[in-house]
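Data file: upload.tsv. Format and content: TSV, C-alpha atoms.
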chain	number	residue	atom	x	y	z
A	821	MET	CA	85.47	84.40	97.83
A	822	LYS	CA	85.87	87.37	95.51
A	823	ASN	CA	86.87	86.74	91.91
A	824	PHE	CA	89.75	88.52	90.16
A	825	ASN	CA	87.60	91.26	88.61
A	826	GLU	CA	85.97	92.05	91.96
A	827	MET	CA	89.37	92.32	93.64
A	828	LYS	CA	90.65	94.48	90.78
A	829	ARG	CA	87.67	96.85	91.11
A	830	GLU	CA	88.18	97.06	94.86
A	831	GLY	CA	91.89	97.79	94.35
A	832	ASN	CA	91.12	100.48	91.77
A	833	HIS	CA	88.84	102.12	94.33
A	834	ILE	CA	91.24	101.92	97.27
A	835	ILE	CA	94.61	102.66	95.59
A	836	PRO	CA	93.83	106.40	95.13
A	837	LEU	CA	93.05	106.59	98.87
A	838	VAL	CA	96.47	105.27	99.88
A	839	TYR	CA	98.65	106.23	96.89
A	840	ASP	CA	100.43	109.04	98.75
A	841	GLN	CA	101.22	106.72	101.66
A	842	ILE	CA	103.14	104.30	99.43
A	843	ASN	CA	104.73	106.89	97.15
A	844	GLY	CA	106.82	109.24	99.24
A	845	TRP	CA	108.67	112.35	98.14
A	846	GLY	CA	111.71	111.48	96.04
A	847	LYS	CA	114.64	112.80	94.02
A	848	ASP	CA	112.54	112.78	90.86
A	849	ASP	CA	110.06	115.19	92.50
A	850	GLU	CA	112.91	117.57	93.37
A	851	PHE	CA	114.23	117.23	89.82
A	852	PHE	CA	110.92	118.33	88.28
A	853	LEU	CA	110.59	121.33	90.60
A	854	GLU	CA	114.13	122.45	89.80
A	855	LEU	CA	113.62	121.93	86.07
A	856	LEU	CA	110.49	124.08	86.08
A	857	LYS	CA	112.40	126.86	87.85
A	858	LYS	CA	115.02	126.82	85.10
A	859	LEU	CA	112.36	127.08	82.40
A	860	ASN	CA	110.84	130.21	83.95
A	861	CYS	CA	107.31	129.09	83.09
A	862	LYS	CA	103.95	130.14	84.54
A	863	GLU	CA	101.13	128.08	83.02
A	864	LEU	CA	101.41	124.35	83.45
A	865	ALA	CA	99.32	121.30	82.47
A	866	ASP	CA	99.92	118.23	84.64
A	867	LEU	CA	98.77	115.31	82.48
A	868	GLY	CA	98.11	112.14	84.43
A	869	CYS	CA	98.20	114.03	87.74
A	870	GLY	CA	96.72	111.15	89.76
A	871	THR	CA	96.03	112.13	93.36
A	872	GLY	CA	97.79	115.47	92.89
A	873	ARG	CA	100.71	114.50	95.11
A	874	LEU	CA	103.17	116.53	93.02
A	875	THR	CA	100.59	118.84	91.43
A	876	THR	CA	99.84	120.58	94.71
A	877	HIS	CA	103.56	121.25	95.21
A	878	PHE	CA	103.55	122.92	91.79
A	879	SER	CA	100.58	124.98	92.92
A	880	ARG	CA	102.25	126.09	96.15
A	881	ALA	CA	105.31	127.06	94.09
A	882	GLY	CA	103.10	129.59	92.28
A	883	TYR	CA	102.38	127.91	88.94
A	884	GLN	CA	98.96	128.25	87.28
A	885	ILE	CA	97.95	124.63	86.82
A	886	THR	CA	95.45	122.55	84.91
A	887	ALA	CA	95.60	118.96	86.20
A	888	ILE	CA	94.08	116.11	84.19
A	889	ASP	CA	93.59	112.43	85.03
A	890	PRO	CA	91.10	109.79	83.83
A	891	ASN	CA	90.60	108.37	87.35
A	892	ASP	CA	87.78	110.31	88.99
A	893	GLU	CA	88.56	108.86	92.43
A	894	ALA	CA	92.17	110.06	92.18
A	895	ILE	CA	90.93	113.55	91.25
A	896	GLU	CA	88.54	113.42	94.20
A	897	GLN	CA	91.50	112.78	96.52
A	898	ALA	CA	93.50	115.54	94.83
A	899	ARG	CA	90.78	118.14	95.38
A	900	ILE	CA	91.05	117.90	99.19
A	901	LYS	CA	94.79	118.54	99.40
A	902	ASN	CA	96.41	121.73	100.63
A	903	GLY	CA	96.84	124.03	97.62
A	904	ALA	CA	94.24	122.19	95.53
A	905	ASP	CA	91.86	125.16	95.45
A	906	LYS	CA	94.19	127.00	93.05
A	907	VAL	CA	94.29	124.11	90.55
A	908	THR	CA	91.83	123.47	87.72
A	909	TRP	CA	91.06	119.73	88.06
A	910	ILE	CA	89.70	117.79	85.07
A	911	VAL	CA	88.66	114.15	84.82
A	912	GLY	CA	89.83	113.33	81.32
A	913	ASP	CA	92.85	112.76	79.10
A	914	SER	CA	95.14	114.62	76.70
A	915	SER	CA	92.20	115.50	74.45
A	916	ASN	CA	91.05	117.86	77.23
A	917	LEU	CA	94.15	120.05	76.91
A	918	GLN	CA	93.32	123.55	75.71
A	919	THR	CA	95.00	124.78	72.52
A	920	SER	CA	98.09	127.04	72.81
A	921	ALA	CA	97.43	127.48	76.52
A	922	TYR	CA	100.48	126.23	78.43
A	923	ASP	CA	104.17	126.95	78.81
A	924	VAL	CA	104.70	123.35	79.91
A	925	VAL	CA	102.83	120.06	79.59
A	926	ILE	CA	104.29	117.62	82.11
A	927	MET	CA	103.80	113.91	82.81
A	928	THR	CA	105.52	112.52	85.91
A	929	ALA	CA	105.62	109.20	87.79
A	930	ASN	CA	106.08	107.16	84.60
A	931	VAL	CA	102.70	108.22	83.19
A	932	ALA	CA	104.26	107.94	79.73
A	933	GLN	CA	104.31	104.16	80.17
A	934	VAL	CA	100.50	104.04	80.17
A	935	PHE	CA	100.47	104.43	76.39
A	936	LEU	CA	101.21	100.99	74.97
A	937	THR	CA	100.71	101.52	71.25
A	938	ASP	CA	102.35	103.82	68.74
A	939	GLU	CA	98.93	105.29	67.98
A	940	SER	CA	98.13	106.18	71.60
A	941	TRP	CA	101.59	107.69	72.16
A	942	GLU	CA	101.37	109.70	68.93
A	943	GLN	CA	97.98	111.03	70.04
A	944	VAL	CA	99.38	112.23	73.37
A	945	ILE	CA	102.36	113.90	71.68
A	946	SER	CA	100.03	115.55	69.16
A	947	ASP	CA	97.71	116.80	71.90
A	948	ALA	CA	100.66	118.13	73.94
A	949	TYR	CA	102.09	119.93	70.91
A	950	ARG	CA	98.70	121.48	70.17
A	951	ALA	CA	98.37	122.61	73.80
A	952	LEU	CA	101.75	124.31	74.09
A	953	LYS	CA	102.40	127.97	73.49
A	954	PRO	CA	105.19	128.75	70.99
A	955	GLY	CA	108.51	127.79	72.59
A	956	GLY	CA	106.76	125.60	75.19
A	957	HIS	CA	108.09	122.37	76.67
A	958	PHE	CA	106.72	118.82	76.87
A	959	ILE	CA	108.32	117.08	79.86
A	960	PHE	CA	107.94	113.42	80.77
A	961	ASP	CA	109.85	110.61	82.42
A	962	THR	CA	109.96	106.88	81.84
A	963	ARG	CA	111.85	103.89	83.18
A	964	ASN	CA	115.06	102.86	81.45
A	965	PRO	CA	114.41	99.32	80.13
A	966	LEU	CA	118.14	98.58	80.24
A	967	ALA	CA	117.95	98.74	84.06
A	968	GLN	CA	115.51	95.78	84.00
A	969	VAL	CA	113.87	96.93	87.23
A	970	TRP	CA	111.28	94.16	86.94
A	971	GLU	CA	113.96	91.70	88.02
A	972	GLN	CA	114.07	93.47	91.38
A	973	TRP	CA	110.27	93.38	91.61
A	974	GLU	CA	110.37	89.61	91.24
A	975	LYS	CA	112.91	89.30	94.06
A	976	ASP	CA	111.02	91.63	96.40
A	977	SER	CA	109.01	89.53	98.84
A	978	THR	CA	107.71	92.44	100.91
A	979	PRO	CA	104.56	94.46	100.22
A	980	ASP	CA	103.92	98.18	100.50
A	981	VAL	CA	101.87	98.77	103.64
A	982	ALA	CA	99.22	101.45	104.09
A	983	MET	CA	96.18	102.17	106.20
A	984	HIS	CA	92.73	102.80	104.77
A	985	PRO	CA	92.00	106.39	105.87
A	986	VAL	CA	88.32	105.72	106.50
A	987	THR	CA	87.98	102.13	107.76
A	988	ARG	CA	91.44	102.03	109.42
A	989	GLU	CA	92.09	98.66	107.82
A	990	ARG	CA	95.73	97.69	107.34
A	991	LEU	CA	96.42	97.15	103.66
A	992	GLU	CA	99.16	95.30	101.84
A	993	ILE	CA	99.86	96.26	98.24
A	994	TRP	CA	101.90	93.69	96.34
A	995	THR	CA	103.48	94.24	92.92
A	996	GLU	CA	103.08	91.08	90.84
A	997	MET	CA	104.55	90.67	87.38
A	998	MET	CA	101.99	89.08	85.10
A	999	ALA	CA	103.98	88.58	81.88
A	1000	LEU	CA	107.29	89.41	80.28
A	1001	LEU	CA	106.83	89.91	76.56
A	1002	LYS	CA	109.19	91.18	73.86
A	1003	THR	CA	107.91	94.75	74.07
A	1004	PHE	CA	105.98	95.06	77.35
A	1005	ILE	CA	106.22	94.11	81.00
A	1006	HIS	CA	102.73	93.51	82.39
A	1007	PHE	CA	102.39	93.91	86.14
A	1008	MET	CA	99.60	94.71	88.56
A	1009	LYS	CA	99.06	95.84	92.11
A	1010	VAL	CA	97.34	93.21	94.28
A	1011	LEU	CA	95.56	94.55	97.34
A	1012	LYS	CA	95.15	92.52	100.51
A	1013	ILE	CA	93.11	93.79	103.46
A	1014	LEU	CA	94.69	92.38	106.59
A	1015	LYS	CA	92.85	93.67	109.62
A	1016	ARG	CA	90.90	96.57	110.98
A	1017	LEU	CA	92.81	98.59	113.52
A	1018	LYS	CA	91.03	99.56	116.73
A	1019	TYR	CA	90.83	103.18	117.79
Re-express the file's structure as structure tokens.
Amino acid sequence: MKNFNEMKREGNHIIPLVYDQINGWGKDDEFFLELLKKLNCKELADLGCGTGRLTTHFSRAGYQITAIDPNDEAIEQARIKNGADKVTWIVGDSSNLQTSAYDVVIMTANVAQVFLTDESWEQVISDAYRALKPGGHFIFDTRNPLAQVWEQWEKDSTPDVAMHPVTRERLEIWTEMMALLKTFIHFMKVLKILKRLKY
């Protein structure tokens, strides 16, 4: 039987392969596209772009994009998407942002919640400020803690379901809350491989 760290590594490898299957197009995606239109911007840095699910829509809308994410397997998935050839993909973090290069630095899909300390958040803000042209915009979203969405996660007894694109295995992805502390909610995605589908 696999231990926790082995399952976590396997999940970290597989989640980028199926991320788009369990995260469909939503109102927040439409919001970001409309907001960018209003700003009349051209050069965009997508920080924490993940698998490029939204990034490639930005590209097809005509923006010049630099997309950055620390997960090399997510970037690998992003590179094969339609519209990916017009994006500059970088495995890295906010320190990789060029200076005074962008009209907008954007972080979507709650990427802002990755930064758990004041120091890490201040570093991202500093890097974004450095990277923006005069008059540029730093755009990000985050969950409203007053909504206490984690209470719904605890009640949800159904997993997200996806299919491994290579092995055709049926996958269940469960959200499990690990701890509720004063400042942070710790949760993780638990991956279960159910069965291999026959062609």
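The gap separating CA of Asn902 in chain A from CA of Thr876 in chain A is 6.9 Å, in Å to one decimal.
In terms of minimum interatomic distance to Pro985 in chain A, A:Gln897 ranks closest within A:Leu917, A:Gln884, A:Leu859, A:Gln897, counting all atoms listed in the file.
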Check your understanding: Which residues, written as a PyMOL selection string, have at least one atom at most 8 Å from Thr928 in chain A, with all atoms listed in the file counted and residues fewer than 3 positions away on the same chain left out?
Key -> chain A and resi 868-869+931-932+960-961
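With distances taken over all atoms listed in the file, A:Asp923 is the one residue among A:Asp905, A:Asp923, A:Asp892, A:Asp848 lying closest to Asn860 in chain A.
Shortest separation to Arg880 in chain A among A:Gly912, A:Lys901, A:Phe851, A:Gln918 occurs at residue A:Lys901, atoms counted being all atoms listed in the file.
Of the listed residues (A:Leu867, A:Leu952, A:Gly872, A:Ser879), A:Leu952 comes nearest to Val924 in chain A; the distances count all atoms listed in the file.
Note that CA of Asn964 in chain A and CA of Ser915 in chain A are 27.0 Å apart.
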Review point. Which polymer residues, protein or nucleic acid, are no farther than 8 Å from (111.5, 119.4, 82.8), counting only C-alpha atoms, as an NGL selection string?
Key: :A and (851-852 or 855-856 or 859 or 926 or 957-960)
Revision key, fill the gap. Nearest to Val925 in chain A, restricted to all atoms listed in the file and choosing among A:Val911, A:Ala881, A:Leu991, A:Ala951, comes out as A:Ala951
Revision key, fill the gap. Computed gap from CA of Ile888 in chain A to CA of Asp913 in chain A is 6.2 Å
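Minimum atom-to-atom distances from A:Met927, A:Ile885, A:Ala894, A:Met983 to Thr908 in chain A were compared using all atoms listed in the file, and the lowest value belongs to A:Ile885.
By chain and then residue number, the residues within 10 Å of Ser920 in chain A are Ala948, Tyr949, Arg950, Ala951, Leu952, Lys953, Pro954 and Gly956 of chain A, counting only C-alpha atoms and disregarding those fewer than 4 positions away in sequence.
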Store the residues picked out above in a file with C-alpha atoms, as a compact mmCIF listing (two decimals), keeping the file's coordinate frame.
# COMPACT_ATOMS: atom_id res chain seq x y z
CA ALA A 948 100.66 118.13 73.94
CA TYR A 949 102.09 119.93 70.91
CA ARG A 950 98.70 121.48 70.17
CA ALA A 951 98.37 122.61 73.80
CA LEU A 952 101.75 124.31 74.09
CA LYS A 953 102.40 127.97 73.49
CA PRO A 954 105.19 128.75 70.99
CA GLY A 956 106.76 125.60 75.19
Complete the atom set of range 933-962 of chain A to N, CA and C atoms and return it as a PDB file, in the coordinates of the input.
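Saved file result_26.pdb follows:
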ATOM      1  N   GLN A 933     104.365 105.608  80.396  1.00  0.00           N
ATOM      2  CA  GLN A 933     104.310 104.160  80.170  1.00  0.00           C
ATOM      3  C   GLN A 933     102.892 103.626  80.068  1.00  0.00           C
ATOM      4  N   VAL A 934     101.908 104.468  80.306  1.00  0.00           N
ATOM      5  CA  VAL A 934     100.500 104.040  80.170  1.00  0.00           C
ATOM      6  C   VAL A 934     100.153 103.784  78.708  1.00  0.00           C
ATOM      7  N   PHE A 935     100.830 104.470  77.804  1.00  0.00           N
ATOM      8  CA  PHE A 935     100.470 104.430  76.390  1.00  0.00           C
ATOM      9  C   PHE A 935     101.253 103.300  75.703  1.00  0.00           C
ATOM     10  N   LEU A 936     100.556 102.218  75.398  1.00  0.00           N
ATOM     11  CA  LEU A 936     101.210 100.990  74.970  1.00  0.00           C
ATOM     12  C   LEU A 936     101.287 100.788  73.465  1.00  0.00           C
ATOM     13  N   THR A 937     100.658 101.661  72.705  1.00  0.00           N
ATOM     14  CA  THR A 937     100.710 101.520  71.250  1.00  0.00           C
ATOM     15  C   THR A 937     101.290 102.794  70.635  1.00  0.00           C
ATOM     16  N   ASP A 938     101.831 102.654  69.442  1.00  0.00           N
ATOM     17  CA  ASP A 938     102.350 103.820  68.740  1.00  0.00           C
ATOM     18  C   ASP A 938     101.255 104.857  68.539  1.00  0.00           C
ATOM     19  N   GLU A 939     100.051 104.379  68.248  1.00  0.00           N
ATOM     20  CA  GLU A 939      98.930 105.290  67.980  1.00  0.00           C
ATOM     21  C   GLU A 939      98.567 106.106  69.221  1.00  0.00           C
ATOM     22  N   SER A 940      98.505 105.448  70.386  1.00  0.00           N
ATOM     23  CA  SER A 940      98.130 106.180  71.600  1.00  0.00           C
ATOM     24  C   SER A 940      99.218 107.176  72.002  1.00  0.00           C
ATOM     25  N   TRP A 941     100.490 106.795  71.829  1.00  0.00           N
ATOM     26  CA  TRP A 941     101.590 107.690  72.160  1.00  0.00           C
ATOM     27  C   TRP A 941     101.622 108.875  71.202  1.00  0.00           C
ATOM     28  N   GLU A 942     101.405 108.616  69.909  1.00  0.00           N
ATOM     29  CA  GLU A 942     101.370 109.700  68.930  1.00  0.00           C
ATOM     30  C   GLU A 942     100.242 110.679  69.221  1.00  0.00           C
ATOM     31  N   GLN A 943      99.101 110.158  69.716  1.00  0.00           N
ATOM     32  CA  GLN A 943      97.980 111.030  70.040  1.00  0.00           C
ATOM     33  C   GLN A 943      98.324 111.959  71.202  1.00  0.00           C
ATOM     34  N   VAL A 944      98.982 111.413  72.226  1.00  0.00           N
ATOM     35  CA  VAL A 944      99.380 112.230  73.370  1.00  0.00           C
ATOM     36  C   VAL A 944     100.384 113.307  72.955  1.00  0.00           C
ATOM     37  N   ILE A 945     101.372 112.927  72.148  1.00  0.00           N
ATOM     38  CA  ILE A 945     102.360 113.900  71.680  1.00  0.00           C
ATOM     39  C   ILE A 945     101.685 114.991  70.849  1.00  0.00           C
ATOM     40  N   SER A 946     100.757 114.586  69.990  1.00  0.00           N
ATOM     41  CA  SER A 946     100.030 115.550  69.160  1.00  0.00           C
ATOM     42  C   SER A 946      99.215 116.507  70.012  1.00  0.00           C
ATOM     43  N   ASP A 947      98.523 115.966  71.013  1.00  0.00           N
ATOM     44  CA  ASP A 947      97.710 116.800  71.900  1.00  0.00           C
ATOM     45  C   ASP A 947      98.590 117.766  72.700  1.00  0.00           C
ATOM     46  N   ALA A 948      99.745 117.268  73.172  1.00  0.00           N
ATOM     47  CA  ALA A 948     100.660 118.130  73.940  1.00  0.00           C
ATOM     48  C   ALA A 948     101.202 119.244  73.056  1.00  0.00           C
ATOM     49  N   TYR A 949     101.579 118.923  71.836  1.00  0.00           N
ATOM     50  CA  TYR A 949     102.090 119.930  70.910  1.00  0.00           C
ATOM     51  C   TYR A 949     101.039 120.997  70.633  1.00  0.00           C
ATOM     52  N   ARG A 950      99.814 120.552  70.417  1.00  0.00           N
ATOM     53  CA  ARG A 950      98.700 121.480  70.170  1.00  0.00           C
ATOM     54  C   ARG A 950      98.480 122.401  71.367  1.00  0.00           C
ATOM     55  N   ALA A 951      98.682 121.871  72.567  1.00  0.00           N
ATOM     56  CA  ALA A 951      98.370 122.610  73.800  1.00  0.00           C
ATOM     57  C   ALA A 951      99.436 123.618  74.194  1.00  0.00           C
ATOM     58  N   LEU A 952     100.641 123.446  73.671  1.00  0.00           N
ATOM     59  CA  LEU A 952     101.750 124.310  74.090  1.00  0.00           C
ATOM     60  C   LEU A 952     101.747 125.655  73.363  1.00  0.00           C
ATOM     61  N   LYS A 953     102.141 126.670  74.102  1.00  0.00           N
ATOM     62  CA  LYS A 953     102.400 127.970  73.490  1.00  0.00           C
ATOM     63  C   LYS A 953     103.695 127.854  72.670  1.00  0.00           C
ATOM     64  N   PRO A 954     103.921 128.760  71.734  1.00  0.00           N
ATOM     65  CA  PRO A 954     105.190 128.750  70.990  1.00  0.00           C
ATOM     66  C   PRO A 954     106.379 128.771  71.943  1.00  0.00           C
ATOM     67  N   GLY A 955     107.333 127.873  71.716  1.00  0.00           N
ATOM     68  CA  GLY A 955     108.510 127.790  72.590  1.00  0.00           C
ATOM     69  C   GLY A 955     108.271 127.002  73.854  1.00  0.00           C
ATOM     70  N   GLY A 956     107.085 126.372  73.983  1.00  0.00           N
ATOM     71  CA  GLY A 956     106.760 125.600  75.190  1.00  0.00           C
ATOM     72  C   GLY A 956     107.511 124.286  75.270  1.00  0.00           C
ATOM     73  N   HIS A 957     107.341 123.604  76.398  1.00  0.00           N
ATOM     74  CA  HIS A 957     108.090 122.370  76.670  1.00  0.00           C
ATOM     75  C   HIS A 957     107.152 121.227  77.048  1.00  0.00           C
ATOM     76  N   PHE A 958     107.424 120.052  76.494  1.00  0.00           N
ATOM     77  CA  PHE A 958     106.720 118.820  76.870  1.00  0.00           C
ATOM     78  C   PHE A 958     107.710 117.982  77.667  1.00  0.00           C
ATOM     79  N   ILE A 959     107.413 117.766  78.950  1.00  0.00           N
ATOM     80  CA  ILE A 959     108.320 117.080  79.860  1.00  0.00           C
ATOM     81  C   ILE A 959     107.678 115.773  80.330  1.00  0.00           C
ATOM     82  N   PHE A 960     108.440 114.691  80.243  1.00  0.00           N
ATOM     83  CA  PHE A 960     107.940 113.420  80.770  1.00  0.00           C
ATOM     84  C   PHE A 960     109.115 112.556  81.203  1.00  0.00           C
ATOM     85  N   ASP A 961     108.826 111.574  82.034  1.00  0.00           N
ATOM     86  CA  ASP A 961     109.850 110.610  82.420  1.00  0.00           C
ATOM     87  C   ASP A 961     109.356 109.203  82.090  1.00  0.00           C
ATOM     88  N   THR A 962     110.293 108.287  82.062  1.00  0.00           N
ATOM     89  CA  THR A 962     109.960 106.880  81.840  1.00  0.00           C
ATOM     90  C   THR A 962     111.089 106.036  82.387  1.00  0.00           C
TER      91      THR A 962
END
